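Text of structure.csv (CSV, C-alpha atoms and all ligand atoms) as supplied:
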```csv
chain,number,residue,atom,x,y,z
W,1,MET,CA,66.7,199.3,96.9
W,2,ALA,CA,66.4,199.3,100.7
W,3,LEU,CA,67.3,202.5,102.5
W,4,LEU,CA,69.6,200.6,104.8
W,5,GLU,CA,70.9,197.1,104.2
W,6,LEU,CA,73.4,195.0,106.2
W,7,ARG,CA,74.9,192.1,104.3
W,8,ASP,CA,76.8,189.4,106.1
W,9,LEU,CA,78.1,191.9,108.6
W,10,GLU,CA,80.9,190.5,110.8
W,11,VAL,CA,82.6,192.4,113.6
W,12,ALA,CA,85.5,190.8,115.6
W,13,PHE,CA,87.5,192.5,118.4
W,14,ARG,CA,91.1,191.4,119.2
W,15,THR,CA,91.4,191.5,122.9
W,16,ARG,CA,93.9,190.1,125.5
W,17,GLU,CA,91.5,187.3,126.3
W,18,GLY,CA,91.2,186.3,122.7
W,19,ILE,CA,89.1,187.2,119.6
W,20,VAL,CA,85.6,188.3,120.4
W,21,ARG,CA,83.4,187.6,117.5
W,22,ALA,CA,80.7,190.0,118.5
W,23,VAL,CA,78.7,190.0,115.2
W,24,ASN,CA,78.6,187.1,112.7
W,25,ASP,CA,76.8,187.1,109.4
W,26,VAL,CA,74.1,189.6,110.2
W,27,SER,CA,71.9,190.6,107.3
W,28,LEU,CA,68.9,192.8,107.5
W,29,SER,CA,67.2,195.5,105.6
W,30,LEU,CA,65.2,198.6,106.5
W,31,ASP,CA,63.0,200.9,104.4
W,32,ARG,CA,61.8,204.4,104.9
W,33,GLY,CA,58.9,204.7,107.3
W,34,ARG,CA,59.5,201.2,108.7
W,35,THR,CA,60.6,200.0,112.1
W,36,LEU,CA,63.0,197.2,112.7
W,37,GLY,CA,63.4,195.7,116.1
W,38,LEU,CA,66.7,194.1,117.1
W,39,VAL,CA,66.3,191.9,120.1
W,40,GLY,CA,68.5,189.7,122.3
W,41,GLU,CA,69.8,189.3,125.8
W,42,SER,CA,72.8,191.3,127.1
W,43,GLY,CA,76.0,190.7,125.1
W,44,SER,CA,74.2,189.3,122.0
W,45,GLY,CA,75.8,192.0,119.7
W,46,LYS,CA,73.0,194.5,119.3
W,47,THR,CA,75.0,197.6,120.2
W,48,VAL,CA,78.1,196.5,118.2
W,49,THR,CA,75.8,196.0,115.2
W,50,ALA,CA,74.3,199.5,115.7
W,51,LEU,CA,77.6,201.2,116.3
W,52,THR,CA,79.2,199.5,113.2
W,53,ILE,CA,76.5,200.9,111.0
W,54,LEU,CA,77.9,204.3,111.9
W,55,GLY,CA,81.5,203.2,111.7
W,56,LEU,CA,81.9,203.7,115.4
W,57,THR,CA,83.6,200.4,116.0
W,58,ARG,CA,86.4,201.1,113.6
W,59,SER,CA,89.8,200.7,115.3
W,60,GLU,CA,93.2,198.9,115.0
W,61,GLN,CA,91.8,196.0,117.1
W,62,THR,CA,88.6,195.6,115.1
W,63,GLU,CA,88.0,193.5,112.0
W,64,ILE,CA,84.9,194.4,110.1
W,65,ALA,CA,83.6,192.4,107.1
W,66,GLY,CA,80.5,192.4,105.0
W,67,GLU,CA,78.5,195.5,103.9
W,68,VAL,CA,76.5,198.3,105.4
W,69,LEU,CA,74.6,199.8,102.4
W,70,LEU,CA,73.0,203.2,102.8
W,71,ASP,CA,71.1,203.9,99.6
W,72,GLY,CA,73.5,201.4,98.0
W,73,VAL,CA,76.7,203.1,99.3
W,74,ASP,CA,78.9,200.8,101.4
W,75,LEU,CA,79.7,202.5,104.7
W,76,VAL,CA,82.1,199.8,105.8
W,77,THR,CA,84.6,200.9,103.2
W,78,LEU,CA,83.7,204.6,103.2
W,79,PRO,CA,86.6,206.9,104.2
W,80,GLU,CA,86.2,208.3,107.7
W,81,SER,CA,85.9,211.9,106.5
W,82,GLU,CA,82.9,211.0,104.4
W,83,LEU,CA,81.4,208.9,107.1
W,84,ARG,CA,81.7,211.7,109.6
W,85,ASP,CA,79.7,213.9,107.3
W,86,LEU,CA,76.9,211.4,107.1
W,87,ARG,CA,76.8,210.4,110.8
W,88,GLY,CA,74.0,212.2,112.5
W,89,ARG,CA,72.8,213.9,109.3
W,90,ARG,CA,71.7,210.8,107.5
W,91,VAL,CA,71.9,208.2,110.2
W,92,GLY,CA,71.1,209.5,113.8
W,93,MET,CA,71.7,207.5,116.9
W,94,VAL,CA,70.2,207.7,120.4
W,95,PHE,CA,72.7,205.9,122.7
W,96,GLN,CA,72.0,203.5,125.4
W,97,ASP,CA,73.2,205.9,128.2
W,98,PRO,CA,72.0,209.4,127.7
W,99,LEU,CA,74.1,210.8,130.6
W,100,SER,CA,77.3,209.8,128.9
W,101,SER,CA,76.3,211.3,125.6
W,102,LEU,CA,75.0,214.6,127.0
W,103,HIS,CA,77.6,217.1,128.3
W,104,PRO,CA,76.9,217.6,132.0
W,105,MET,CA,78.1,221.2,132.0
W,106,TYR,CA,75.9,222.6,129.3
W,107,ARG,CA,72.3,223.4,129.3
W,108,ILE,CA,70.2,221.1,127.2
W,109,GLY,CA,68.9,223.9,125.0
W,110,TRP,CA,72.4,225.0,124.2
W,111,GLN,CA,73.4,221.4,123.3
W,112,ILE,CA,70.4,221.0,121.0
W,113,ALA,CA,71.0,224.4,119.5
W,114,GLU,CA,74.6,223.4,118.7
W,115,ALA,CA,73.3,220.3,117.0
W,116,VAL,CA,71.0,222.5,114.9
W,117,ARG,CA,73.9,224.9,114.0
W,118,ALA,CA,76.1,221.9,113.0
W,119,HIS,CA,73.4,221.1,110.4
W,120,GLU,CA,72.0,224.4,109.2
W,121,ARG,CA,73.4,227.9,108.9
W,122,VAL,CA,71.2,229.8,111.3
W,123,SER,CA,71.7,232.5,113.9
W,124,LYS,CA,72.1,231.5,117.6
W,125,LYS,CA,68.7,233.0,118.3
W,126,ALA,CA,67.0,231.0,115.6
W,127,ALA,CA,68.8,227.8,116.7
W,128,ARG,CA,67.6,228.4,120.3
W,129,ALA,CA,64.1,228.9,119.1
W,130,ARG,CA,64.4,225.6,117.1
W,131,ALA,CA,65.7,223.9,120.2
W,132,VAL,CA,62.6,225.0,122.1
W,133,GLU,CA,60.4,223.6,119.3
W,134,LEU,CA,62.4,220.3,119.3
W,135,ILE,CA,62.0,220.0,123.0
W,136,ARG,CA,58.3,220.6,122.7
W,137,GLY,CA,58.2,218.1,119.8
W,138,VAL,CA,59.5,215.3,122.0
W,139,GLY,CA,56.9,215.9,124.6
W,140,ILE,CA,58.9,217.7,127.4
W,141,PRO,CA,56.6,219.9,129.4
W,142,SER,CA,57.2,223.7,129.6
W,143,PRO,CA,59.9,223.7,126.9
W,144,GLU,CA,60.6,227.4,127.3
W,145,ALA,CA,61.8,226.8,130.9
W,146,ARG,CA,63.3,223.3,130.3
W,147,VAL,CA,65.6,224.6,127.6
W,148,ASP,CA,67.8,226.1,130.3
W,149,ALA,CA,68.0,222.9,132.4
W,150,TYR,CA,71.2,220.9,132.9
W,151,PRO,CA,71.1,217.2,132.1
W,152,HIS,CA,71.2,216.2,135.8
W,153,GLU,CA,68.1,218.2,136.5
W,154,LEU,CA,66.1,215.9,134.3
W,155,SER,CA,64.7,212.3,134.8
W,156,GLY,CA,66.1,209.4,132.8
W,157,GLY,CA,63.0,209.4,130.5
W,158,MET,CA,63.4,213.2,129.9
W,159,ARG,CA,67.1,212.8,129.1
W,160,GLN,CA,66.1,210.2,126.6
W,161,ARG,CA,63.8,212.7,125.0
W,162,VAL,CA,66.5,215.3,124.9
W,163,MET,CA,68.7,212.8,123.1
W,164,ILE,CA,65.9,212.1,120.6
W,165,ALA,CA,65.5,215.9,120.1
W,166,MET,CA,69.2,216.3,119.4
W,167,ALA,CA,69.2,213.4,116.9
W,168,LEU,CA,66.1,214.9,115.2
W,169,ALA,CA,67.8,218.3,114.9
W,170,LEU,CA,69.7,216.9,112.0
W,171,ASP,CA,66.7,215.4,110.3
W,172,PRO,CA,68.1,211.9,109.7
W,173,ASP,CA,66.8,209.4,107.2
W,174,VAL,CA,67.4,206.6,109.7
W,175,LEU,CA,67.3,206.8,113.5
W,176,ILE,CA,68.9,204.1,115.6
W,177,ALA,CA,67.6,204.0,119.1
W,178,ASP,CA,69.8,201.7,121.2
W,179,GLU,CA,67.7,200.5,124.0
W,180,PRO,CA,65.7,203.7,124.5
W,181,THR,CA,64.1,201.7,127.3
W,182,SER,CA,66.8,200.1,129.5
W,183,ALA,CA,67.0,201.5,133.0
W,184,LEU,CA,63.7,203.2,132.5
W,185,ASP,CA,60.5,201.9,134.1
W,186,VAL,CA,57.9,200.1,131.9
W,187,THR,CA,55.6,203.1,131.6
W,188,VAL,CA,58.4,205.4,130.6
W,189,GLN,CA,59.6,202.7,128.1
W,190,ALA,CA,56.2,202.6,126.5
W,191,GLN,CA,56.0,206.4,126.3
W,192,ILE,CA,59.4,206.7,124.6
W,193,LEU,CA,58.5,204.1,122.0
W,194,GLU,CA,55.2,205.8,121.4
W,195,LEU,CA,57.0,209.0,120.9
W,196,LEU,CA,59.4,207.4,118.4
W,197,ALA,CA,56.4,206.0,116.5
W,198,ARG,CA,54.7,209.4,116.4
W,199,LEU,CA,57.9,211.2,115.2
W,200,GLN,CA,58.3,208.5,112.6
W,201,SER,CA,54.9,209.1,111.3
W,202,GLU,CA,55.7,212.9,111.1
W,203,THR,CA,59.0,212.5,109.4
W,204,GLY,CA,58.9,209.2,107.5
W,205,MET,CA,62.3,208.2,108.9
W,206,ALA,CA,63.3,204.6,109.3
W,207,LEU,CA,63.7,203.4,112.8
W,208,LEU,CA,66.1,200.7,114.1
W,209,VAL,CA,65.1,200.0,117.7
W,210,VAL,CA,67.4,197.9,119.8
W,211,SER,CA,66.0,196.2,123.0
W,212,HIS,CA,66.2,193.2,125.2
W,213,ASP,CA,62.5,193.2,125.5
W,214,LEU,CA,60.6,191.3,122.8
W,215,GLY,CA,57.4,192.7,124.3
W,216,VAL,CA,58.4,196.2,123.6
W,217,ILE,CA,59.5,195.3,120.1
W,218,ALA,CA,56.4,193.3,119.4
W,219,GLU,CA,54.2,196.4,119.7
W,220,HIS,CA,56.3,198.7,117.5
W,221,ALA,CA,58.3,196.8,114.9
W,222,ASP,CA,57.4,195.9,111.4
W,223,GLU,CA,60.4,193.6,111.2
W,224,VAL,CA,62.1,191.7,114.0
W,225,VAL,CA,65.6,190.3,114.2
W,226,VAL,CA,66.5,188.1,117.1
W,227,MET,CA,70.2,187.8,118.0
W,228,TYR,CA,71.9,185.3,120.3
W,229,ALA,CA,75.6,185.3,121.0
W,230,GLY,CA,76.4,187.5,117.9
W,231,ARG,CA,74.2,185.6,115.4
W,232,VAL,CA,70.8,186.0,114.0
W,233,VAL,CA,68.7,183.0,115.2
W,234,GLU,CA,65.4,184.2,113.8
W,235,GLN,CA,64.2,187.1,111.7
W,236,GLY,CA,61.2,188.1,109.7
W,237,THR,CA,58.1,190.3,109.8
W,238,ARG,CA,56.5,190.9,113.1
W,239,ASP,CA,53.7,188.4,112.3
W,240,GLU,CA,56.2,185.8,111.4
W,241,VAL,CA,58.5,186.2,114.4
W,242,ILE,CA,56.1,187.2,117.1
W,243,GLY,CA,53.0,185.4,115.7
W,244,ALA,CA,54.7,182.2,114.4
W,245,ALA,CA,58.0,182.0,116.2
W,246,ILE,CA,60.0,178.8,115.7
W,247,HIS,CA,63.4,179.2,117.3
W,248,PRO,CA,63.6,177.9,120.9
W,249,TYR,CA,65.3,181.1,121.9
W,250,THR,CA,62.5,183.3,120.5
W,251,LEU,CA,60.0,181.0,122.1
W,252,GLY,CA,61.8,181.5,125.4
W,253,LEU,CA,61.8,185.3,125.0
W,254,LEU,CA,58.1,185.3,124.2
W,255,GLU,CA,57.4,183.2,127.3
W,256,SER,CA,59.3,185.5,129.5
W,257,ILE,CA,57.3,188.6,128.6
W,258,PRO,CA,55.2,189.6,131.6
W,259,HIS,CA,51.5,189.7,130.7
W,260,VAL,CA,50.2,193.0,131.9
W,261,ASP,CA,46.6,191.8,132.2
W,262,GLY,CA,47.4,188.3,133.5
W,263,PRO,CA,47.8,187.4,137.1
W,264,ARG,CA,50.9,189.2,138.3
W,265,MET,CA,54.1,187.5,137.0
W,266,ALA,CA,52.2,184.3,136.7
W,267,GLN,CA,53.2,183.4,133.2
W,268,LEU,CA,56.8,184.5,133.5
W,269,THR,CA,59.0,181.6,132.5
W,270,PRO,CA,62.6,182.8,132.2
W,271,ILE,CA,65.0,181.0,129.9
W,272,PRO,CA,67.2,178.8,132.1
W,273,GLY,CA,70.9,179.6,132.3
W,274,SER,CA,72.6,182.7,131.1
W,275,PRO,CA,74.1,183.8,127.8
W,276,PRO,CA,77.6,182.5,127.1
W,277,SER,CA,80.8,184.5,127.2
W,278,ALA,CA,81.8,185.9,123.8
W,279,VAL,CA,85.4,184.7,124.1
W,280,ASP,CA,84.3,181.2,124.9
W,281,LEU,CA,81.2,180.3,122.9
W,282,PRO,CA,79.8,176.8,123.0
W,283,PRO,CA,80.5,174.8,119.8
W,284,GLY,CA,77.7,174.4,117.3
W,285,CYS,CA,74.6,176.2,118.1
W,286,ALA,CA,75.6,178.6,120.9
W,287,PHE,CA,72.1,178.3,122.4
W,288,HIS,CA,72.2,174.5,122.7
W,289,PRO,CA,73.3,174.3,126.4
W,290,ARG,CA,70.2,176.2,127.4
W,291,CYS,CA,67.8,174.6,124.9
W,292,THR,CA,65.1,172.1,125.9
W,293,TYR,CA,65.0,170.8,122.3
W,294,ALA,CA,68.8,170.3,121.9
W,295,ARG,CA,70.1,167.1,120.4
W,296,PRO,CA,73.8,165.9,120.4
W,297,SER,CA,74.2,167.1,116.8
W,298,CYS,CA,73.4,170.7,118.0
W,299,ALA,CA,76.8,170.9,119.5
W,300,GLU,CA,78.5,170.1,116.2
W,301,LEU,CA,77.5,172.6,113.5
W,302,VAL,CA,76.5,176.2,113.6
W,303,PRO,CA,73.0,176.0,112.2
W,304,ALA,CA,72.3,177.7,108.9
W,305,LEU,CA,69.7,180.4,108.8
W,306,LEU,CA,67.0,178.8,106.6
W,307,ARG,CA,64.1,180.4,104.9
W,308,VAL,CA,60.8,179.1,106.2
W,309,GLY,CA,58.4,181.8,105.0
W,310,PRO,CA,58.4,184.8,102.6
W,311,ASP,CA,60.7,186.8,104.9
W,312,HIS,CA,60.9,184.4,107.8
W,313,ARG,CA,64.3,182.8,108.5
W,314,VAL,CA,65.2,180.4,111.4
W,315,ALA,CA,68.5,178.9,112.5
W,316,CYS,CA,67.4,175.7,114.2
W,317,PRO,CA,68.0,172.2,112.7
W,318,VAL,CA,65.6,170.7,115.2
W,319,LEU,CA,62.5,172.9,114.9
W,320,ALA,CA,63.1,174.1,111.4
W,321,PRO,CA,65.0,171.1,110.0
W,322,THR,CA,64.4,171.6,106.3
W,323,SER,CA,63.8,174.5,104.1
W,324,PRO,CA,61.3,174.6,101.3
W,325,LEU,CA,63.8,177.0,99.7
W,326,THR,CA,67.5,177.1,99.4
W,327,PRO,CA,69.5,178.3,102.4
W,328,ASP,CA,70.8,181.8,102.2
W,329,LYS,CA,74.4,180.9,102.6
W,330,PRO,CA,76.2,177.9,104.2
W,331,ARG,CA,77.6,178.8,107.6
W,332,ARG,CA,81.0,178.1,109.1
I,1,LIG,N1,85.2,197.3,122.0
I,1,LIG,C1,85.1,196.0,122.3
I,1,LIG,N2,86.1,195.2,122.5
I,1,LIG,C2,85.9,193.9,122.9
I,1,LIG,N3,84.7,193.3,123.0
I,1,LIG,C3,83.6,194.1,122.9
I,1,LIG,C4,83.7,195.5,122.5
I,1,LIG,N4,82.5,196.0,122.4
I,1,LIG,C5,81.7,194.9,122.7
I,1,LIG,N5,82.3,193.8,123.0
I,1,LIG,C6,81.8,192.5,123.3
I,1,LIG,O1,80.9,192.1,122.2
I,1,LIG,C7,79.8,191.4,122.7
I,1,LIG,C8,78.5,192.1,122.2
I,1,LIG,O2,78.4,193.3,122.9
I,1,LIG,P1,77.1,194.3,122.7
I,1,LIG,O3,77.5,195.5,123.5
I,1,LIG,O4,76.9,194.5,121.2
I,1,LIG,O5,75.9,193.6,123.4
I,1,LIG,P2,74.4,194.0,123.5
I,1,LIG,O6,73.6,193.0,122.8
I,1,LIG,O7,74.3,195.5,123.1
I,1,LIG,O8,74.2,193.9,125.1
I,1,LIG,P3,73.3,194.8,126.1
I,1,LIG,O9,71.9,194.3,125.9
I,1,LIG,O10,73.9,194.5,127.4
I,1,LIG,O11,73.5,196.2,125.7
I,1,LIG,C9,79.9,191.4,124.2
I,1,LIG,O12,80.5,190.1,124.5
I,1,LIG,C10,80.9,192.5,124.5
I,1,LIG,O13,81.6,192.2,125.6
I,2,MG,MG,73.8,197.1,124.1
```
What's the structure tokens form of this structure?
Amino acid sequence: MALLELRDLEVAFRTREGIVRAVNDVSLSLDRGRTLGLVGESGSGKTVTALTILGLTRSEQTEIAGEVLLDGVDLVTLPESELRDLRGRRVGMVFQDPLSSLHPMYRIGWQIAEAVRAHERVSKKAARARAVELIRGVGIPSPEARVDAYPHELSGGMRQRVMIAMALALDPDVLIADEPTSALDVTVQAQILELLARLQSETGMALLVVSHDLGVIAEHADEVVVMYAGRVVEQGTRDEVIGAAIHPYTLGLLESIPHVDGPRMAQLTPIPGSPPSAVDLPPGCAFHPRCTYARPSCAELVPALLRVGPDHRVACPVLAPTSPLTPDKPRR
């Protein structure tokens, strides 16, 4: 049994503008010690997927269907009180914007110590000592001095590290890192991902890394899930998705990765156009208006995610028209 498994997850928000189907039929699985990269442009549903795992999208206006299984227990139907107990402790999350998740008025050491004390019965002194160790563990220089810093005194990259330290204080089985890299420069991005990889090798935790950057994901993920407009368009192992990509959107993302060693920006070919609005999705395959391979039929049916390799699935009737195996599930 996988540690974490999403089965046909659907999340829809009722808004004044209409129903936003932010996540449709997302299925994925993640094991201990493994890293799964969730990639896609802005608005593709990555954060909503991540938040829904922790039950953080629950509200009167939200409809959630499908399953989120943690060791076989469905979190979608779990009562809020039980979910609260498991949040952070079993599934930790590092949010997209560390400034909004750190309290600006408290020193970082105190905030980490509080996280430690929420998890273990230890004295304030022991919790502070543990905070210093956690700060050291995430590679922040002079931890004894930095423990007394306020969030605004740290750089964006350092704040990300503080967030990671807080999440690790609870020793989670799964750590979800939502875009640990946005708004950070490329070198800092790479350092944060290397840090996560090291921490993973020390703790054996499973990592779910969310990013728009397929280049970042390519280096660190064992499995890759590519989302477009709330749906999975391609998924599989890193070798399948990065090494043998089929979906035009994945191909476009791969082409838009800047090559560090190539002539500067020379190979950068951005995907034409921009992602659609979630309240007004194009009919059929949502990517068809931007797709160079599109045929008229692409505007008619939402393509099924067909299996094309052992773990490889692609939703494109043009480039992956037939499946040697049966489709997972017919799509609406
Ligand atoms: N609470 C909400 N109510 C209504 N719509 C929402 C809500 N949260 C997210 N959405 C919409 O759901 C869609 C997916 O949003 P999401 O934040 O998951 O995108 P993302 O892939 O994380 O993008 P980014 O890369 O910019 O972080 C977007 O169209 C967004 O506007
Ligand atoms: Mg997001």
### Message
List the spatial neighbours of Arg159 in chain W as a PyMOL selection string - criterion: any atom at most 10 Å away, only C-alpha atoms, same-chain residues fewer than 5 positions off excluded.
### Response
chain W and resi 97-99+101-102+108+140+150-154+164-165
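In this comparison, which uses all atoms listed in the file, the residue of W:Leu196, W:Leu253, W:Ala131, W:Leu38 approaching ligand LIG 1 (chain I) most closely is W:Leu38.
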Find the residues of chain W that sit at most 10 Å from ligand LIG 1 (chain I); for each, write down the nearest two atoms and how far apart they are in Å, to one decimal. Count only C-alpha atoms and all ligand atoms. Sort by chain, then by number going up, and give it as a tab-separated table.
```
residue	atom	partner	partner_atom	distance
W:Val11	CA	I:LIG1	O1	8.8
W:Ala12	CA	I:LIG1	N3	7.9
W:Phe13	CA	I:LIG1	C2	5.0
W:Arg14	CA	I:LIG1	C2	6.9
W:Thr15	CA	I:LIG1	C2	6.0
W:Arg16	CA	I:LIG1	C2	9.2
W:Glu17	CA	I:LIG1	C2	9.3
W:Gly18	CA	I:LIG1	C2	9.3
W:Ile19	CA	I:LIG1	C2	8.1
W:Val20	CA	I:LIG1	N3	5.7
W:Arg21	CA	I:LIG1	O1	7.0
W:Ala22	CA	I:LIG1	O1	4.3
W:Val23	CA	I:LIG1	C8	7.3
W:Leu38	CA	I:LIG1	O6	9.0
W:Val39	CA	I:LIG1	O6	7.9
W:Gly40	CA	I:LIG1	O6	6.1
W:Glu41	CA	I:LIG1	O9	5.4
W:Ser42	CA	I:LIG1	O9	3.4
W:Gly43	CA	I:LIG1	O5	3.4
W:Ser44	CA	I:LIG1	O6	3.8
W:Gly45	CA	I:LIG1	O4	3.1
W:Lys46	CA	I:LIG1	O6	3.9
W:Thr47	CA	I:LIG1	O7	3.6
W:Val48	CA	I:LIG1	O4	3.8
W:Thr49	CA	I:LIG1	O4	6.3
W:Ala50	CA	I:LIG1	O4	7.9
W:Leu51	CA	I:LIG1	O4	8.3
W:Thr52	CA	I:LIG1	O4	9.7
W:Leu56	CA	I:LIG1	N1	9.8
W:Thr57	CA	I:LIG1	N1	6.9
W:Arg58	CA	I:LIG1	N1	9.3
W:Ser59	CA	I:LIG1	N1	8.8
W:Gln61	CA	I:LIG1	N2	7.9
W:Thr62	CA	I:LIG1	N2	7.8
W:Gln96	CA	I:LIG1	O11	7.5
W:Asp178	CA	I:LIG1	O7	7.9
W:Glu179	CA	I:LIG1	O11	7.4
W:Ser182	CA	I:LIG1	O9	8.5
W:Val210	CA	I:LIG1	O7	8.0
W:Ser211	CA	I:LIG1	O9	6.8
W:His212	CA	I:LIG1	O9	5.8
W:Asp213	CA	I:LIG1	O9	9.5
W:Met227	CA	I:LIG1	O6	7.9
W:Tyr228	CA	I:LIG1	O6	8.3
W:Ala229	CA	I:LIG1	C8	7.5
W:Gly230	CA	I:LIG1	C8	6.6
W:Pro275	CA	I:LIG1	O12	9.6
W:Pro276	CA	I:LIG1	O12	8.5
W:Ser277	CA	I:LIG1	O12	6.2
W:Ala278	CA	I:LIG1	O12	4.5
W:Val279	CA	I:LIG1	O12	7.3
W:Asp280	CA	I:LIG1	O12	9.7
W:Leu281	CA	I:LIG1	O12	10.0
```
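CA of Asp239 in chain W is found 24.8 Å from CA of Thr203 in chain W.
Across W:Ala177, W:Ala118, W:Leu168, W:Leu70, the tightest approach to ligand MG 2 (chain I) is made by W:Ala177 when counting all atoms listed in the file.
Taking CA of Leu208 in chain W and CA of Pro172 in chain W as endpoints, the distance between them is 12.2 Å.
The nearest approach to Glu202 in chain W among the residues W:Pro270, W:Pro282, W:Gly309, W:Gly33, with all atoms listed in the file taken into account, belongs to W:Gly33.
Restricting the calculation to only C-alpha atoms and all ligand atoms, the smallest distance between ligand MG 2 (chain I) and any of W:Leu195, W:Val94, W:Pro141, W:Ile112 is found for W:Val94.
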From the list W:Leu301, W:Glu223, W:Val209, W:Arg136, the nearest residue to ligand MG 2 (chain I) using all atoms listed in the file is W:Val209
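You will find CA of Ser155 in chain W at 12.8 Å from CA of Gln189 in chain W.
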Min atom-atom distance to Glu5 in chain W from the set W:Arg89, W:Lys125, W:Arg32, W:His119, counting all atoms listed in the file, belongs to W:Arg32
- request: Find the residues near Gln191 in chain W: any atom within 12 Å, counting all atoms listed in the file, skip ones fewer than 3 places away on the same chain, and give them as a ChimeraX atom specification.
  value: /W:138-140,157-158,160-161,180-181,184-188,194-198,216,220
Test item: residues at most 12 Å from Gly273 in chain W, only C-alpha atoms, excluding those fewer than 5 positions along its chain, as a compact mmCIF listing (two decimals) with C-alpha atoms, keeping the file's coordinate frame:
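Result went into out_2.txt, see below:
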```
# COMPACT_ATOMS: atom_id res chain seq x y z
CA GLU W 41 69.80 189.30 125.80
CA TYR W 249 65.30 181.10 121.90
CA GLY W 252 61.80 181.50 125.40
CA PHE W 287 72.10 178.30 122.40
CA HIS W 288 72.20 174.50 122.70
CA PRO W 289 73.30 174.30 126.40
CA ARG W 290 70.20 176.20 127.40
CA CYS W 291 67.80 174.60 124.90
CA THR W 292 65.10 172.10 125.90
```
Counting only C-alpha atoms, find residues at most 9 Å from (64.2, 174.3, 109.4) (file frame) and give them as a PDB file with C-alpha atoms, in the coordinates of the input.
```
ATOM      1  CA  ILE W 246      60.000 178.800 115.700  1.00  0.00           C
ATOM      2  CA  ALA W 304      72.300 177.700 108.900  1.00  0.00           C
ATOM      3  CA  LEU W 305      69.700 180.400 108.800  1.00  0.00           C
ATOM      4  CA  LEU W 306      67.000 178.800 106.600  1.00  0.00           C
ATOM      5  CA  ARG W 307      64.100 180.400 104.900  1.00  0.00           C
ATOM      6  CA  VAL W 308      60.800 179.100 106.200  1.00  0.00           C
ATOM      7  CA  ARG W 313      64.300 182.800 108.500  1.00  0.00           C
ATOM      8  CA  VAL W 314      65.200 180.400 111.400  1.00  0.00           C
ATOM      9  CA  ALA W 315      68.500 178.900 112.500  1.00  0.00           C
ATOM     10  CA  CYS W 316      67.400 175.700 114.200  1.00  0.00           C
ATOM     11  CA  PRO W 317      68.000 172.200 112.700  1.00  0.00           C
ATOM     12  CA  VAL W 318      65.600 170.700 115.200  1.00  0.00           C
ATOM     13  CA  LEU W 319      62.500 172.900 114.900  1.00  0.00           C
ATOM     14  CA  ALA W 320      63.100 174.100 111.400  1.00  0.00           C
ATOM     15  CA  PRO W 321      65.000 171.100 110.000  1.00  0.00           C
ATOM     16  CA  THR W 322      64.400 171.600 106.300  1.00  0.00           C
ATOM     17  CA  SER W 323      63.800 174.500 104.100  1.00  0.00           C
ATOM     18  CA  PRO W 324      61.300 174.600 101.300  1.00  0.00           C
TER      19      PRO W 324
END
```
